[in-house]
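K.L.:
What follows is data07.txt; its format and atoms are compact mmCIF, C-alpha atoms.
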# COMPACT_ATOMS: atom_id res chain seq x y z
CA MET P 1 19.40 41.57 -71.54
CA ARG P 2 22.30 41.36 -69.09
CA VAL P 3 21.32 42.38 -65.56
CA ALA P 4 23.82 43.13 -62.80
CA ILE P 5 22.60 42.44 -59.28
CA SER P 6 24.03 42.80 -55.79
CA ALA P 7 22.89 42.95 -52.20
CA ASP P 8 24.31 43.76 -48.81
CA HIS P 9 23.36 41.82 -45.67
CA GLY P 10 19.93 43.50 -45.59
CA GLY P 11 19.06 42.24 -49.04
CA PHE P 12 21.09 39.06 -49.14
CA PRO P 13 18.24 36.57 -48.49
CA LEU P 14 16.10 38.12 -51.24
CA LYS P 15 18.85 38.29 -53.86
CA ALA P 16 18.96 34.54 -54.59
CA ASP P 17 15.23 34.53 -55.33
CA LEU P 18 15.62 37.51 -57.68
CA VAL P 19 18.59 35.94 -59.49
CA ALA P 20 16.47 32.88 -60.23
CA GLN P 21 13.59 35.04 -61.43
CA ILE P 22 15.80 37.13 -63.73
CA ARG P 23 17.10 33.94 -65.34
CA ASP P 24 13.55 32.55 -65.62
CA LEU P 25 12.60 35.74 -67.48
CA GLY P 26 15.30 34.90 -70.03
CA HIS P 27 17.96 37.40 -68.98
CA GLN P 28 21.63 36.89 -68.19
CA VAL P 29 22.73 37.62 -64.62
CA LEU P 30 25.93 39.29 -63.51
CA ASP P 31 25.97 38.56 -59.77
CA LEU P 32 28.25 41.08 -58.05
CA GLY P 33 27.79 39.90 -54.47
CA ALA P 34 27.59 39.53 -51.68
CA PRO P 35 28.71 35.93 -52.10
CA THR P 36 27.91 35.11 -48.47
CA TYR P 37 25.91 36.70 -45.68
CA ASP P 38 28.06 39.20 -43.75
CA PRO P 39 26.22 41.36 -41.20
CA LEU P 40 29.09 43.86 -41.25
CA ASP P 41 29.18 44.56 -45.00
CA ASP P 42 28.34 48.00 -46.41
CA TYR P 43 25.71 48.81 -49.04
CA PRO P 44 27.85 51.41 -50.89
CA ASP P 45 30.26 48.66 -51.99
CA PHE P 46 27.49 46.67 -53.65
CA ALA P 47 25.71 49.68 -55.11
CA GLN P 48 28.98 50.88 -56.61
CA ALA P 49 29.71 47.49 -58.17
CA VAL P 50 26.35 47.39 -59.95
CA ALA P 51 26.45 51.06 -60.93
CA GLN P 52 29.92 50.75 -62.42
CA ALA P 53 28.91 47.62 -64.36
CA VAL P 54 25.94 49.46 -65.84
CA ALA P 55 27.94 52.62 -66.59
CA ALA P 56 30.69 50.56 -68.26
CA GLY P 57 28.19 48.69 -70.44
CA GLN P 58 28.84 45.32 -68.80
CA ALA P 59 25.11 45.19 -68.03
CA GLU P 60 22.16 47.04 -69.51
CA ARG P 61 20.31 47.24 -66.19
CA GLY P 62 21.14 46.80 -62.55
CA ILE P 63 19.38 45.86 -59.34
CA VAL P 64 20.67 46.56 -55.83
CA VAL P 65 18.95 45.22 -52.73
CA CYS P 66 19.62 46.60 -49.27
CA GLY P 67 17.46 47.05 -46.19
CA SER P 68 15.45 50.06 -47.34
CA GLY P 69 16.73 50.63 -50.89
CA VAL P 70 17.46 54.26 -50.04
CA GLY P 71 21.17 53.94 -49.29
CA ALA P 72 21.72 51.86 -52.41
CA SER P 73 19.96 54.50 -54.50
CA VAL P 74 22.00 57.34 -53.03
CA ALA P 75 25.27 55.47 -53.58
CA ALA P 76 24.49 54.21 -57.10
CA ASN P 77 23.60 57.71 -58.27
CA LYS P 78 27.16 58.86 -57.53
CA VAL P 79 28.37 56.95 -60.61
CA ALA P 80 28.16 58.98 -63.83
CA GLY P 81 25.67 57.56 -66.30
CA VAL P 82 23.57 55.84 -63.67
CA ARG P 83 19.96 56.75 -63.01
CA ALA P 84 18.99 54.75 -59.94
CA ALA P 85 15.79 54.91 -57.94
CA VAL P 86 14.28 53.10 -55.02
CA CYS P 87 10.90 51.71 -56.09
CA HIS P 88 8.40 49.89 -53.98
CA ASP P 89 5.48 49.99 -56.39
CA THR P 90 5.21 48.55 -59.90
CA TYR P 91 4.10 51.82 -61.50
CA SER P 92 7.32 53.58 -60.46
CA ALA P 93 9.49 50.59 -61.39
CA HIS P 94 8.07 50.60 -64.92
CA GLN P 95 7.58 54.34 -65.36
CA GLY P 96 11.10 55.07 -64.12
CA VAL P 97 12.42 53.30 -67.20
CA ASP P 98 9.60 54.28 -69.55
CA HIS P 99 9.86 58.05 -68.91
CA ASP P 100 13.21 58.61 -67.19
CA ASP P 101 15.52 55.90 -68.59
CA MET P 102 16.20 54.58 -65.09
CA ASN P 103 18.86 51.89 -65.38
CA VAL P 104 19.29 50.74 -61.77
CA LEU P 105 16.43 49.56 -59.56
CA CYS P 106 17.00 49.73 -55.81
CA LEU P 107 14.85 47.62 -53.53
CA GLY P 108 14.36 47.52 -49.79
CA ALA P 109 14.15 43.93 -48.63
CA ARG P 110 12.86 45.12 -45.25
CA VAL P 111 10.13 47.15 -46.99
CA VAL P 112 8.76 44.75 -49.60
CA GLY P 113 8.29 41.02 -49.47
CA ALA P 114 9.57 38.51 -51.98
CA GLU P 115 6.43 38.47 -54.13
CA VAL P 116 6.27 42.26 -54.43
CA ALA P 117 10.00 42.33 -55.18
CA ARG P 118 9.46 39.85 -58.03
CA GLU P 119 6.67 42.03 -59.43
CA LEU P 120 8.93 45.09 -59.24
CA VAL P 121 11.76 43.31 -61.04
CA ALA P 122 9.40 42.09 -63.77
CA ALA P 123 8.01 45.62 -64.25
CA PHE P 124 11.51 47.13 -64.35
CA LEU P 125 12.93 44.60 -66.80
CA SER P 126 9.93 44.69 -69.16
CA ALA P 127 9.96 48.48 -69.50
CA ARG P 128 11.63 50.36 -72.35
CA PHE P 129 12.58 54.03 -72.49
CA ARG P 130 10.24 55.91 -74.81
CA VAL P 131 13.02 57.55 -76.82
CA GLU P 132 10.56 58.39 -79.61
CA GLU P 133 8.70 60.83 -77.33
CA GLU P 134 10.43 64.20 -77.50
CA ARG P 135 9.43 65.28 -73.99
CA PHE P 136 11.10 62.26 -72.37
CA LEU P 137 14.24 62.63 -74.46
CA ARG P 138 14.36 66.38 -73.72
CA ARG P 139 14.13 65.74 -69.99
CA LEU P 140 16.74 62.98 -70.07
CA ASN P 141 19.11 65.27 -71.96
CA LYS P 142 18.65 67.92 -69.26
CA VAL P 143 19.57 65.36 -66.59
CA LYS P 144 22.63 64.34 -68.59
CA ALA P 145 23.63 68.00 -68.99
CA MET P 146 23.38 68.47 -65.21
CA GLU P 147 25.64 65.47 -64.71
CA ALA P 148 28.17 66.77 -67.24
CA ALA P 149 28.18 70.22 -65.64
CA MET P 150 28.85 68.73 -62.21
CA ALA P 151 31.67 66.59 -63.61
CA ALA P 152 33.24 69.66 -65.22
CA ARG P 153 33.23 71.48 -61.87
CA ARG P 154 35.02 68.71 -60.01
CA PRO P 155 38.61 69.63 -59.21
CA LYS P 156 41.20 67.70 -61.15
CA THR P 157 43.49 65.58 -59.02
CA SER P 158 47.17 65.58 -59.81
CA ALA P 159 49.36 62.53 -59.88
CA ARG P 160 52.10 62.53 -57.31
So that I can check it, write out the structure of this file as structure tokens.
P.N.:
Amino acid sequence: MRVAISADHGGFPLKADLVAQIRDLGHQVLDLGAPTYDPLDDYPDFAQAVAQAVAAGQAERGIVVCGSGVGASVAANKVAGVRAAVCHDTYSAHQGVDHDDMNVLCLGARVVGAEVARELVAAFLSARFRVEEERFLRRLNKVKAMEAAMAARRPKTSAR
């Protein structure tokens, strides 16, 4: 599987460890930054990069690491086709994919340590959406319909 990953300054130290782990698990890594530590960078930039890569099919899953994981989750969910969640326990990291087809995991480097983060990544990447179970597919289709309805309501911008 190809996994996109990024981190702002809050998650930067943890990202390198997670990149190595993802590769050790046999996955390809699409590292979308930050390339260097910058205390003035902004989490929406990194969340957007991962979310767009997942939405465009450049990666099957994404991981964004910031200080709490919350901002990254909020920002990533603004991209159509992305189902991002902040998870700090392995049950949610696995179940989010298993039941809800979550495709972006958001982690808070200031909330979980490196070992817990590795466990969360392993749970997230090993999970598969249970498409064969009608209730999960029905619920996912409702979420997708909500997203489509919101997109249809957005005003069209005109070219000038």
K.L.:
Restricting the calculation to all atoms listed in the file, which member of P:Ala93, P:Ala127, P:Val82, P:Ala7 is positioned closest to Pro39 in chain P?
P.N.:
P:Ala7
K.L.:
Excluding Val19 in chain P and residues on its chain fewer than 2 positions from it, collect all residues at most 8 Å away from it, counting all atoms listed in the file, and give them as a list of chain:residue names.
P.N.:
P:Ile5, P:Lys15, P:Ala16, P:Asp17, P:Gln21, P:Ile22, P:Arg23, P:Val29, P:Asp31
K.L.:
Restricting the calculation to only C-alpha atoms, which member of P:Met102, P:Val70, P:Ala80, P:Ser126 is positioned closest to Met1 in chain P?
P.N.:
P:Ser126
K.L.:
Considering all atoms listed in the file, can you say which of P:Glu115, P:Glu147, P:Asp8, P:Asp100 comes closest to Pro35 in chain P?
P.N.:
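Comparing P:Glu115, P:Glu147, P:Asp8, P:Asp100 against Pro35 in chain P, the winner is P:Asp8.
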K.L.:
Around (25.1, 51.4, -53.0) in the file's frame, which residues reach within 10 Å when counting only C-alpha atoms? Return as a list in words?
P.N.:
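Those residues lying close to the given coordinates are Ser6, Ala7, Asp8, Asp42, Tyr43, Pro44, Asp45, Phe46, Ala47, Gln48, Ala49, Val50, Ala51, Val64, Val65, Cys66, Gly69, Val70, Gly71, Ala72, Ser73, Val74, Ala75, Ala76, Asn77, Lys78, Val79, Ala84 and Cys106 of chain P.
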K.L.:
Could you tell me which of P:Gly11, P:Gly96, P:Pro155, P:Gly57 comes closest to Leu125 in chain P if we count all atoms listed in the file?
P.N.:
P:Gly96
